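S.K.: My structure is in entry-v2.cif, and what it holds is mmCIF, N, CA and C atoms:
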```cif
data_coords
#
loop_
_atom_site.label_atom_id
_atom_site.label_comp_id
_atom_site.auth_asym_id
_atom_site.auth_seq_id
_atom_site.Cartn_x
_atom_site.Cartn_y
_atom_site.Cartn_z
N MET A 218 14.76 20.14 28.07
CA MET A 218 16.13 20.49 28.32
C MET A 218 16.76 21.21 27.13
N GLY A 219 16.28 21.04 25.96
CA GLY A 219 16.86 21.67 24.78
C GLY A 219 16.79 23.18 24.85
N VAL A 220 15.66 23.72 25.37
CA VAL A 220 15.50 25.18 25.47
C VAL A 220 16.44 25.74 26.52
N LEU A 221 16.57 25.06 27.65
CA LEU A 221 17.45 25.54 28.72
C LEU A 221 18.93 25.52 28.27
N ASP A 222 19.30 24.48 27.56
CA ASP A 222 20.68 24.42 27.05
C ASP A 222 20.96 25.57 26.08
N HIS A 223 19.98 25.87 25.23
CA HIS A 223 20.13 26.95 24.27
C HIS A 223 20.27 28.30 24.99
N LEU A 224 19.45 28.54 26.00
CA LEU A 224 19.54 29.79 26.77
C LEU A 224 20.87 29.89 27.52
N PHE A 225 21.32 28.76 28.05
CA PHE A 225 22.60 28.76 28.76
C PHE A 225 23.74 29.11 27.81
N ASP A 226 23.70 28.59 26.58
CA ASP A 226 24.74 28.90 25.60
C ASP A 226 24.72 30.37 25.21
N LEU A 227 23.53 30.99 25.16
CA LEU A 227 23.42 32.40 24.80
C LEU A 227 24.04 33.31 25.86
N PHE A 228 23.87 32.97 27.11
CA PHE A 228 24.32 33.83 28.19
C PHE A 228 25.63 33.38 28.84
N GLU A 229 26.29 32.44 28.22
CA GLU A 229 27.55 31.95 28.77
C GLU A 229 28.64 33.01 28.59
N ILE A 230 29.40 33.26 29.63
CA ILE A 230 30.48 34.24 29.59
C ILE A 230 31.78 33.50 29.36
N THR A 231 32.46 33.88 28.29
CA THR A 231 33.75 33.26 27.99
C THR A 231 34.84 34.30 28.18
N PRO A 232 35.97 33.89 28.69
CA PRO A 232 37.06 34.87 28.85
C PRO A 232 37.58 35.31 27.48
N ARG A 233 37.90 36.58 27.38
CA ARG A 233 38.42 37.12 26.12
C ARG A 233 39.89 36.78 25.96
N ARG A 234 40.26 36.47 24.75
CA ARG A 234 41.65 36.18 24.46
C ARG A 234 42.40 37.47 24.16
N LYS A 235 43.64 37.49 24.54
CA LYS A 235 44.49 38.62 24.18
C LYS A 235 44.85 38.49 22.71
N ARG A 236 44.89 39.62 22.03
CA ARG A 236 45.31 39.59 20.63
C ARG A 236 46.82 39.42 20.57
N ARG A 237 47.24 38.56 19.68
CA ARG A 237 48.67 38.36 19.51
C ARG A 237 49.25 39.48 18.68
N LYS A 238 50.47 39.79 18.96
CA LYS A 238 51.16 40.78 18.15
C LYS A 238 51.41 40.18 16.78
N PRO A 239 51.49 40.99 15.74
CA PRO A 239 51.71 40.44 14.40
C PRO A 239 53.12 39.85 14.28
N TRP A 240 53.25 38.91 13.37
CA TRP A 240 54.54 38.27 13.11
C TRP A 240 55.47 39.31 12.50
N GLN A 241 56.62 39.49 13.09
CA GLN A 241 57.56 40.51 12.63
C GLN A 241 58.96 39.94 12.55
N ALA A 242 59.72 40.52 11.67
CA ALA A 242 61.15 40.23 11.59
C ALA A 242 61.85 41.58 11.54
N PHE A 243 62.78 41.80 12.44
CA PHE A 243 63.49 43.08 12.48
C PHE A 243 64.91 42.84 12.94
N GLU A 244 65.74 43.85 12.71
CA GLU A 244 67.16 43.74 13.00
C GLU A 244 67.60 44.82 13.98
N ILE A 245 68.54 44.47 14.82
CA ILE A 245 69.07 45.40 15.82
C ILE A 245 70.59 45.39 15.70
N LYS A 246 71.19 46.57 15.78
CA LYS A 246 72.64 46.69 15.76
C LYS A 246 73.13 46.68 17.20
N VAL A 247 73.97 45.70 17.54
CA VAL A 247 74.50 45.55 18.90
C VAL A 247 76.00 45.35 18.80
N LYS A 248 76.76 46.13 19.51
CA LYS A 248 78.21 45.99 19.52
C LYS A 248 78.58 44.81 20.41
N MET A 249 79.15 43.75 19.79
CA MET A 249 79.55 42.54 20.52
C MET A 249 81.02 42.26 20.23
N ASP A 250 81.78 41.99 21.28
CA ASP A 250 83.22 41.79 21.13
C ASP A 250 83.63 40.33 21.21
N CYS A 251 82.91 39.53 22.01
CA CYS A 251 83.37 38.17 22.25
C CYS A 251 82.19 37.19 22.24
N ASP A 252 82.51 35.91 22.43
CA ASP A 252 81.47 34.88 22.47
C ASP A 252 80.53 35.08 23.66
N GLY A 253 81.06 35.57 24.77
CA GLY A 253 80.23 35.81 25.95
C GLY A 253 79.17 36.87 25.69
N CYS A 254 79.56 37.94 25.00
CA CYS A 254 78.59 39.00 24.66
C CYS A 254 77.51 38.44 23.74
N GLU A 255 77.94 37.66 22.75
CA GLU A 255 77.00 37.07 21.80
C GLU A 255 76.02 36.14 22.53
N ARG A 256 76.53 35.32 23.41
CA ARG A 256 75.70 34.38 24.16
C ARG A 256 74.72 35.11 25.08
N ARG A 257 75.18 36.17 25.73
CA ARG A 257 74.33 36.94 26.63
C ARG A 257 73.17 37.59 25.89
N VAL A 258 73.46 38.18 24.72
CA VAL A 258 72.40 38.82 23.92
C VAL A 258 71.44 37.78 23.39
N ARG A 259 71.97 36.66 22.88
CA ARG A 259 71.11 35.60 22.33
C ARG A 259 70.17 35.05 23.41
N HIS A 260 70.71 34.81 24.60
CA HIS A 260 69.89 34.27 25.69
C HIS A 260 68.83 35.27 26.14
N ALA A 261 69.18 36.54 26.21
CA ALA A 261 68.22 37.55 26.66
C ALA A 261 67.05 37.66 25.69
N VAL A 262 67.31 37.62 24.40
CA VAL A 262 66.24 37.77 23.41
C VAL A 262 65.45 36.48 23.25
N SER A 263 66.13 35.34 23.23
CA SER A 263 65.41 34.07 23.02
C SER A 263 64.55 33.70 24.22
N SER A 264 64.85 34.25 25.40
CA SER A 264 64.02 33.95 26.57
C SER A 264 62.73 34.77 26.60
N MET A 265 62.60 35.72 25.69
CA MET A 265 61.38 36.53 25.65
C MET A 265 60.23 35.71 25.08
N LYS A 266 59.04 35.95 25.62
CA LYS A 266 57.85 35.25 25.15
C LYS A 266 57.49 35.76 23.76
N GLY A 267 57.34 34.85 22.81
CA GLY A 267 56.95 35.21 21.46
C GLY A 267 58.10 35.24 20.47
N ALA A 268 59.33 35.23 20.93
CA ALA A 268 60.49 35.23 20.02
C ALA A 268 60.69 33.82 19.49
N LYS A 269 60.55 33.65 18.19
CA LYS A 269 60.67 32.31 17.59
C LYS A 269 62.09 32.00 17.15
N SER A 270 62.77 32.95 16.53
CA SER A 270 64.15 32.68 16.13
C SER A 270 65.00 33.92 16.35
N VAL A 271 66.22 33.67 16.75
CA VAL A 271 67.19 34.74 17.00
C VAL A 271 68.47 34.37 16.27
N GLU A 272 68.90 35.24 15.35
CA GLU A 272 70.14 35.02 14.62
C GLU A 272 71.11 36.13 14.99
N VAL A 273 72.29 35.76 15.42
CA VAL A 273 73.30 36.74 15.83
C VAL A 273 74.48 36.67 14.86
N ASN A 274 74.83 37.81 14.30
CA ASN A 274 75.98 37.91 13.40
C ASN A 274 76.95 38.89 14.05
N ARG A 275 77.96 38.34 14.73
CA ARG A 275 78.88 39.19 15.49
C ARG A 275 79.76 40.02 14.56
N LYS A 276 80.10 39.49 13.39
CA LYS A 276 80.97 40.21 12.46
C LYS A 276 80.31 41.51 11.99
N GLN A 277 78.99 41.47 11.73
CA GLN A 277 78.27 42.67 11.30
C GLN A 277 77.62 43.41 12.46
N SER A 278 77.74 42.90 13.68
CA SER A 278 77.10 43.47 14.87
C SER A 278 75.59 43.55 14.69
N ARG A 279 75.01 42.47 14.16
CA ARG A 279 73.59 42.46 13.85
C ARG A 279 72.89 41.30 14.54
N VAL A 280 71.70 41.58 15.11
CA VAL A 280 70.84 40.56 15.70
C VAL A 280 69.51 40.61 14.96
N THR A 281 69.10 39.48 14.37
CA THR A 281 67.83 39.39 13.66
C THR A 281 66.86 38.59 14.49
N VAL A 282 65.70 39.18 14.78
CA VAL A 282 64.69 38.54 15.62
C VAL A 282 63.41 38.38 14.80
N THR A 283 62.81 37.20 14.87
CA THR A 283 61.51 36.98 14.24
C THR A 283 60.57 36.37 15.27
N GLY A 284 59.30 36.74 15.16
CA GLY A 284 58.31 36.19 16.07
C GLY A 284 57.24 37.22 16.40
N HIS A 285 56.42 36.87 17.38
CA HIS A 285 55.33 37.73 17.83
C HIS A 285 55.82 38.58 19.01
N VAL A 286 56.76 39.48 18.76
CA VAL A 286 57.33 40.30 19.82
C VAL A 286 57.29 41.77 19.41
N ASP A 287 57.33 42.63 20.40
CA ASP A 287 57.36 44.07 20.18
C ASP A 287 58.82 44.50 20.00
N PRO A 288 59.15 45.16 18.90
CA PRO A 288 60.55 45.55 18.67
C PRO A 288 61.12 46.44 19.77
N ASN A 289 60.32 47.34 20.33
CA ASN A 289 60.83 48.23 21.38
C ASN A 289 61.16 47.45 22.65
N LYS A 290 60.38 46.41 22.97
CA LYS A 290 60.67 45.60 24.15
C LYS A 290 61.94 44.78 23.96
N VAL A 291 62.16 44.30 22.73
CA VAL A 291 63.38 43.55 22.45
C VAL A 291 64.60 44.48 22.57
N LEU A 292 64.47 45.69 22.03
CA LEU A 292 65.57 46.65 22.13
C LEU A 292 65.88 46.97 23.59
N LYS A 293 64.86 47.14 24.40
CA LYS A 293 65.04 47.42 25.82
C LYS A 293 65.70 46.23 26.53
N LYS A 294 65.30 45.01 26.15
CA LYS A 294 65.88 43.81 26.76
C LYS A 294 67.36 43.67 26.40
N VAL A 295 67.71 43.99 25.15
CA VAL A 295 69.11 43.91 24.73
C VAL A 295 69.93 44.96 25.47
N ARG A 296 69.37 46.15 25.64
CA ARG A 296 70.09 47.19 26.37
C ARG A 296 70.27 46.83 27.83
N SER A 297 69.37 46.01 28.39
CA SER A 297 69.49 45.61 29.79
C SER A 297 70.69 44.68 30.01
N THR A 298 71.24 44.12 28.94
CA THR A 298 72.45 43.29 29.08
C THR A 298 73.71 44.14 29.22
N GLY A 299 73.57 45.46 29.06
CA GLY A 299 74.71 46.35 29.19
C GLY A 299 75.34 46.72 27.86
N LYS A 300 74.74 46.30 26.78
CA LYS A 300 75.27 46.58 25.45
C LYS A 300 74.57 47.78 24.84
N ARG A 301 75.31 48.55 24.04
CA ARG A 301 74.71 49.64 23.28
C ARG A 301 73.98 49.03 22.11
N ALA A 302 72.71 49.41 21.93
CA ALA A 302 71.91 48.81 20.87
C ALA A 302 71.03 49.87 20.23
N GLU A 303 70.75 49.67 18.93
CA GLU A 303 69.83 50.53 18.20
C GLU A 303 69.25 49.70 17.07
N PHE A 304 68.14 50.16 16.50
CA PHE A 304 67.57 49.46 15.36
C PHE A 304 68.55 49.54 14.20
N TRP A 305 68.55 48.53 13.35
CA TRP A 305 69.50 48.44 12.25
C TRP A 305 69.35 49.65 11.33
N PRO A 306 70.36 50.53 11.27
CA PRO A 306 70.22 51.79 10.53
C PRO A 306 70.66 51.71 9.07
N TYR A 307 71.02 50.54 8.58
CA TYR A 307 71.61 50.43 7.25
C TYR A 307 70.65 49.78 6.25
N VAL A 308 70.82 50.14 4.98
CA VAL A 308 70.09 49.51 3.88
C VAL A 308 71.12 49.07 2.85
N PRO A 309 70.78 48.09 2.01
CA PRO A 309 71.74 47.68 0.99
C PRO A 309 72.09 48.83 0.04
N TYR A 310 73.32 48.85 -0.37
CA TYR A 310 73.87 49.91 -1.20
C TYR A 310 73.08 50.11 -2.49
N ASN A 311 72.62 49.02 -3.11
CA ASN A 311 71.95 49.12 -4.41
C ASN A 311 70.51 49.62 -4.31
N LEU A 312 69.94 49.77 -3.12
CA LEU A 312 68.58 50.28 -2.97
C LEU A 312 68.51 51.79 -2.83
N VAL A 313 69.66 52.44 -2.74
CA VAL A 313 69.71 53.88 -2.53
C VAL A 313 70.10 54.55 -3.84
N ALA A 314 69.35 55.60 -4.22
CA ALA A 314 69.62 56.29 -5.48
C ALA A 314 70.96 57.03 -5.43
N TYR A 315 71.24 57.70 -4.33
CA TYR A 315 72.48 58.48 -4.18
C TYR A 315 73.16 58.07 -2.88
N PRO A 316 73.99 57.01 -2.91
CA PRO A 316 74.56 56.50 -1.66
C PRO A 316 75.64 57.39 -1.05
N TYR A 317 76.15 58.37 -1.77
CA TYR A 317 77.21 59.22 -1.21
C TYR A 317 76.70 60.57 -0.74
N VAL A 318 75.39 60.66 -0.46
CA VAL A 318 74.82 61.87 0.12
C VAL A 318 75.39 62.03 1.53
N ALA A 319 75.46 63.28 1.99
CA ALA A 319 76.01 63.53 3.33
C ALA A 319 75.30 62.68 4.37
N GLN A 320 76.03 62.09 5.26
CA GLN A 320 75.59 61.24 6.35
C GLN A 320 75.11 59.87 5.91
N ALA A 321 75.06 59.57 4.61
CA ALA A 321 74.64 58.24 4.17
C ALA A 321 75.82 57.28 4.17
N TYR A 322 76.97 57.75 3.74
CA TYR A 322 78.15 56.89 3.69
C TYR A 322 78.76 56.84 5.07
N ASP A 323 78.81 55.64 5.64
CA ASP A 323 79.30 55.45 7.00
C ASP A 323 80.45 54.45 6.97
N LYS A 324 81.60 54.83 7.51
CA LYS A 324 82.75 53.94 7.52
C LYS A 324 82.53 52.71 8.37
N LYS A 325 81.65 52.81 9.36
CA LYS A 325 81.39 51.69 10.25
C LYS A 325 80.37 50.71 9.69
N ALA A 326 79.74 51.06 8.59
CA ALA A 326 78.72 50.18 7.99
C ALA A 326 79.36 48.93 7.42
N PRO A 327 78.67 47.81 7.48
CA PRO A 327 79.20 46.59 6.85
C PRO A 327 79.33 46.79 5.34
N SER A 328 80.16 46.01 4.71
CA SER A 328 80.36 46.18 3.27
C SER A 328 79.05 45.91 2.53
N GLY A 329 78.77 46.77 1.57
CA GLY A 329 77.54 46.64 0.79
C GLY A 329 76.35 47.37 1.39
N TYR A 330 76.55 48.08 2.49
CA TYR A 330 75.47 48.79 3.16
C TYR A 330 75.81 50.26 3.33
N VAL A 331 74.79 51.12 3.33
CA VAL A 331 74.93 52.53 3.65
C VAL A 331 73.85 52.89 4.66
N ARG A 332 74.05 53.98 5.36
CA ARG A 332 73.08 54.41 6.37
C ARG A 332 71.79 54.85 5.70
N ASN A 333 70.67 54.52 6.30
CA ASN A 333 69.36 54.86 5.75
C ASN A 333 69.00 56.29 6.15
N VAL A 334 69.24 57.24 5.24
CA VAL A 334 68.91 58.65 5.49
C VAL A 334 68.02 59.15 4.36
N ALA A 335 67.36 60.26 4.59
CA ALA A 335 66.52 60.85 3.55
C ALA A 335 67.41 61.34 2.42
N GLN A 336 67.01 61.05 1.22
CA GLN A 336 67.80 61.42 0.06
C GLN A 336 67.56 62.89 -0.28
N ALA A 337 68.64 63.63 -0.52
CA ALA A 337 68.52 65.05 -0.84
C ALA A 337 67.95 65.24 -2.24
N LEU A 338 68.35 64.38 -3.16
CA LEU A 338 67.86 64.48 -4.53
C LEU A 338 66.81 63.41 -4.76
N PRO A 339 65.75 63.71 -5.50
CA PRO A 339 64.73 62.69 -5.74
C PRO A 339 65.26 61.59 -6.64
N SER A 340 64.64 60.46 -6.55
CA SER A 340 65.01 59.33 -7.38
C SER A 340 64.72 59.66 -8.84
N PRO A 341 65.63 59.36 -9.76
CA PRO A 341 65.39 59.69 -11.16
C PRO A 341 64.24 58.89 -11.77
N ASN A 342 63.85 57.80 -11.15
CA ASN A 342 62.77 56.99 -11.68
C ASN A 342 61.41 57.34 -11.07
N ALA A 343 61.35 58.35 -10.22
CA ALA A 343 60.09 58.72 -9.58
C ALA A 343 59.11 59.24 -10.63
N ALA A 344 57.82 58.95 -10.44
CA ALA A 344 56.80 59.32 -11.43
C ALA A 344 56.66 60.83 -11.55
N ASP A 345 56.66 61.54 -10.44
CA ASP A 345 56.50 63.00 -10.50
C ASP A 345 57.71 63.67 -11.15
N GLU A 346 58.89 63.08 -10.99
CA GLU A 346 60.09 63.62 -11.62
C GLU A 346 60.02 63.47 -13.14
N LYS A 347 59.45 62.39 -13.61
CA LYS A 347 59.30 62.18 -15.05
C LYS A 347 58.33 63.20 -15.65
N LEU A 348 57.25 63.50 -14.93
CA LEU A 348 56.28 64.47 -15.43
C LEU A 348 56.86 65.88 -15.48
N VAL A 349 57.65 66.23 -14.49
CA VAL A 349 58.26 67.56 -14.47
C VAL A 349 59.25 67.71 -15.61
N SER A 350 60.05 66.68 -15.85
CA SER A 350 61.05 66.77 -16.92
C SER A 350 60.42 66.65 -18.31
N LEU A 351 59.18 66.19 -18.37
CA LEU A 351 58.50 66.05 -19.67
C LEU A 351 58.29 67.40 -20.34
N PHE A 352 57.96 68.44 -19.56
CA PHE A 352 57.71 69.76 -20.10
C PHE A 352 58.83 70.75 -19.77
N SER A 353 59.99 70.25 -19.46
CA SER A 353 61.12 71.09 -19.11
C SER A 353 61.76 71.70 -20.35
N ASP A 354 62.40 72.86 -20.18
CA ASP A 354 63.14 73.50 -21.26
C ASP A 354 64.40 72.71 -21.63
N GLU A 355 64.88 71.92 -20.67
CA GLU A 355 66.09 71.15 -20.89
C GLU A 355 65.81 69.86 -21.67
N ASN A 356 64.54 69.51 -21.84
CA ASN A 356 64.16 68.30 -22.56
C ASN A 356 64.05 68.62 -24.06
N PRO A 357 64.87 68.02 -24.92
CA PRO A 357 64.81 68.35 -26.34
C PRO A 357 63.53 67.90 -27.03
N ASN A 358 62.83 66.95 -26.45
CA ASN A 358 61.59 66.44 -27.06
C ASN A 358 60.35 67.16 -26.51
N ALA A 359 60.53 68.14 -25.64
CA ALA A 359 59.38 68.82 -25.03
C ALA A 359 58.58 69.60 -26.05
N CYS A 360 59.22 70.24 -27.03
CA CYS A 360 58.49 71.06 -28.00
C CYS A 360 57.63 70.18 -28.91
N SER A 361 58.00 68.93 -29.11
CA SER A 361 57.17 68.06 -29.95
C SER A 361 55.91 67.65 -29.23
N ILE A 362 55.91 67.66 -27.92
CA ILE A 362 54.71 67.33 -27.14
C ILE A 362 53.74 68.50 -27.16
N MET A 363 54.27 69.69 -27.05
CA MET A 363 53.42 70.89 -27.03
C MET A 363 52.90 71.15 -28.41
#
```
Since I need it in another form, could you write the structure as structure tokens?
M.R.:
Amino acid sequence: MGVLDHLFDLFEITPRRKRRKPWQAFEIKVKMDCDGCERRVRHAVSSMKGAKSVEVNRKQSRVTVTGHVDPNKVLKKVRSTGKRAEFWPYVPYNLVAYPYVAQAYDKKAPSGYVRNVAQALPSPNAADEKLVSLFSDENPNACSIM
């Protein structure tokens, strides 16, 4: 019986498991006016399979979702409640080199945040910017290097 059991184990067909989506945390901007709107959005997202925690901040119009869920499906589910929704477009003010670039400063942004847009000027701490300024005519120490 040992040989037959071994052969049976070799040819046994097991059902394949679905791969789980990676653990993610993301934010969505949703315009909410009242407790009913907040409750409706929270219930719609928390009822999704894989959503572990849902935090709603009505003052900042922000919904934070963590879990094994697809961000696009969550966005679609929030929009199905009748609310206008988009991925969180803001970054903290101190992470942006030039926060007053055109289209970055947004009056509707929560305090301490600016819109996440491509910066027109490079960051002064960028490595390639340091190399370019090293041999620049405007650098007073450039002639000592040459």
S.K.: Tell me, in Å to one decimal, how far CA of Lys325 (chain A) is from atom C of Arg301 (chain A).
M.R.: 14.2 Å
S.K.: Quick one, how far is atom N of Thr283 (chain A) from atom N of Val271 (chain A)?
M.R.: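 The value is 5.3 Å.
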S.K.: Just checking: using all atoms listed in the file, which residue out of A:Lys276, A:Arg257, A:Lys269, A:Lys324 ends up closest to Thr298 (chain A)?
M.R.: A:Arg257
S.K.: Please measure the separation of atom C of Asn333 (chain A) and atom C of Ala261 (chain A), giving the value in Å to one decimal.
M.R.: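 A separation of 27.1 Å between them.
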S.K.: Tell me which of A:Leu312, A:Ala302, A:Met249, A:Ala335 sits closest to Arg275 (chain A), counting all atoms listed in the file.
M.R.: A:Met249
S.K.: Any chance you could work out the residue set of the PyMOL selection byres ((chain A and resi 270) around 8) here, as an MDAnalysis selection string?
M.R.: chainID A and resid 262:263 267:269 271:273 281:285
S.K.: Please save N, CA and C atoms of the selected residues as a short mmCIF file (atom, residue, chain, number, x, y, z; two decimals), keeping the file's coordinate frame.
M.R.:
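For reference, result34.cif as written:
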```cif
data_model
loop_
_atom_site.label_atom_id
_atom_site.label_comp_id
_atom_site.auth_asym_id
_atom_site.auth_seq_id
_atom_site.Cartn_x
_atom_site.Cartn_y
_atom_site.Cartn_z
N VAL A 262 67.31 37.62 24.40
CA VAL A 262 66.24 37.77 23.41
C VAL A 262 65.45 36.48 23.25
N SER A 263 66.13 35.34 23.23
CA SER A 263 65.41 34.07 23.02
C SER A 263 64.55 33.70 24.22
N GLY A 267 57.34 34.85 22.81
CA GLY A 267 56.95 35.21 21.46
C GLY A 267 58.10 35.24 20.47
N ALA A 268 59.33 35.23 20.93
CA ALA A 268 60.49 35.23 20.02
C ALA A 268 60.69 33.82 19.49
N LYS A 269 60.55 33.65 18.19
CA LYS A 269 60.67 32.31 17.59
C LYS A 269 62.09 32.00 17.15
N VAL A 271 66.22 33.67 16.75
CA VAL A 271 67.19 34.74 17.00
C VAL A 271 68.47 34.37 16.27
N GLU A 272 68.90 35.24 15.35
CA GLU A 272 70.14 35.02 14.62
C GLU A 272 71.11 36.13 14.99
N VAL A 273 72.29 35.76 15.42
CA VAL A 273 73.30 36.74 15.83
C VAL A 273 74.48 36.67 14.86
N THR A 281 69.10 39.48 14.37
CA THR A 281 67.83 39.39 13.66
C THR A 281 66.86 38.59 14.49
N VAL A 282 65.70 39.18 14.78
CA VAL A 282 64.69 38.54 15.62
C VAL A 282 63.41 38.38 14.80
N THR A 283 62.81 37.20 14.87
CA THR A 283 61.51 36.98 14.24
C THR A 283 60.57 36.37 15.27
N GLY A 284 59.30 36.74 15.16
CA GLY A 284 58.31 36.19 16.07
C GLY A 284 57.24 37.22 16.40
N HIS A 285 56.42 36.87 17.38
CA HIS A 285 55.33 37.73 17.83
C HIS A 285 55.82 38.58 19.01
#
```
S.K.: As AutoDock Vina command-line options, please report the centre and edge lengths, rounded to one decimal in Å, of the axis-aligned box that holds all listed atoms of region 249-258 of chain A with 8 Å of padding on each of the six sides.
M.R.:
```
--center_x 77.5 --center_y 39.1 --center_z 23.2 --size_x 28.2 --size_y 25.4 --size_z 22.8
```
S.K.: To test your reading of the structure, identify every residue in region 227-262 of chain A that backbone DSSP assigns to helix (DSSP H, G or I), and report it as number ranges by chain.
M.R.: A: 227, 252-262
S.K.: Go ahead and save the picked residues with N, CA and C atoms, as a PDB file, in the frame of the given file.
M.R.:
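Dumped to selection-v8.pdb:
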```pdb
ATOM      1  N   LEU A 227      23.530  30.990  25.160  1.00  0.00           N
ATOM      2  CA  LEU A 227      23.420  32.400  24.800  1.00  0.00           C
ATOM      3  C   LEU A 227      24.040  33.310  25.860  1.00  0.00           C
ATOM      4  N   ASP A 252      82.510  35.910  22.430  1.00  0.00           N
ATOM      5  CA  ASP A 252      81.470  34.880  22.470  1.00  0.00           C
ATOM      6  C   ASP A 252      80.530  35.080  23.660  1.00  0.00           C
ATOM      7  N   GLY A 253      81.060  35.570  24.770  1.00  0.00           N
ATOM      8  CA  GLY A 253      80.230  35.810  25.950  1.00  0.00           C
ATOM      9  C   GLY A 253      79.170  36.870  25.690  1.00  0.00           C
ATOM     10  N   CYS A 254      79.560  37.940  25.000  1.00  0.00           N
ATOM     11  CA  CYS A 254      78.590  39.000  24.660  1.00  0.00           C
ATOM     12  C   CYS A 254      77.510  38.440  23.740  1.00  0.00           C
ATOM     13  N   GLU A 255      77.940  37.660  22.750  1.00  0.00           N
ATOM     14  CA  GLU A 255      77.000  37.070  21.800  1.00  0.00           C
ATOM     15  C   GLU A 255      76.020  36.140  22.530  1.00  0.00           C
ATOM     16  N   ARG A 256      76.530  35.320  23.410  1.00  0.00           N
ATOM     17  CA  ARG A 256      75.700  34.380  24.160  1.00  0.00           C
ATOM     18  C   ARG A 256      74.720  35.110  25.080  1.00  0.00           C
ATOM     19  N   ARG A 257      75.180  36.170  25.730  1.00  0.00           N
ATOM     20  CA  ARG A 257      74.330  36.940  26.630  1.00  0.00           C
ATOM     21  C   ARG A 257      73.170  37.590  25.890  1.00  0.00           C
ATOM     22  N   VAL A 258      73.460  38.180  24.720  1.00  0.00           N
ATOM     23  CA  VAL A 258      72.400  38.820  23.920  1.00  0.00           C
ATOM     24  C   VAL A 258      71.440  37.780  23.390  1.00  0.00           C
ATOM     25  N   ARG A 259      71.970  36.660  22.880  1.00  0.00           N
ATOM     26  CA  ARG A 259      71.110  35.600  22.330  1.00  0.00           C
ATOM     27  C   ARG A 259      70.170  35.050  23.410  1.00  0.00           C
ATOM     28  N   HIS A 260      70.710  34.810  24.600  1.00  0.00           N
ATOM     29  CA  HIS A 260      69.890  34.270  25.690  1.00  0.00           C
ATOM     30  C   HIS A 260      68.830  35.270  26.140  1.00  0.00           C
ATOM     31  N   ALA A 261      69.180  36.540  26.210  1.00  0.00           N
ATOM     32  CA  ALA A 261      68.220  37.550  26.660  1.00  0.00           C
ATOM     33  C   ALA A 261      67.050  37.660  25.690  1.00  0.00           C
ATOM     34  N   VAL A 262      67.310  37.620  24.400  1.00  0.00           N
ATOM     35  CA  VAL A 262      66.240  37.770  23.410  1.00  0.00           C
ATOM     36  C   VAL A 262      65.450  36.480  23.250  1.00  0.00           C
TER      37      VAL A 262
END
```
S.K.: I need the residue set behind the PyMOL selection byres ((chain A and resi 334) around 8) for this file; please write it as number ranges by chain.
M.R.: A: 306-308, 319-322, 331-333, 335-337
S.K.: Evaluating the PyMOL selection byres (((chain A and resi 254 and name CA) around 12) and name CA) on the displayed file yields which residues, as JSON, numbers by chain?
M.R.: {"A": [247, 248, 249, 250, 251, 252, 253, 255, 256, 257, 258, 259, 260, 261, 273, 274, 275, 278, 280, 295, 296, 298, 299, 300, 301]}
S.K.: Tell me which of A:Lys246, A:His223, A:Lys293, A:Arg237 sits closest to Gln277 (chain A), counting only C-alpha atoms.
M.R.: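 Ranked by minimum distance to Gln277 (chain A), first place goes to A:Lys246.
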S.K.: Point out the residue among A:Val220, A:Ile245, A:Met265, A:Val318 with the least atom-to-atom distance to Val286 (chain A), counting all atoms listed in the file.
M.R.: A:Met265
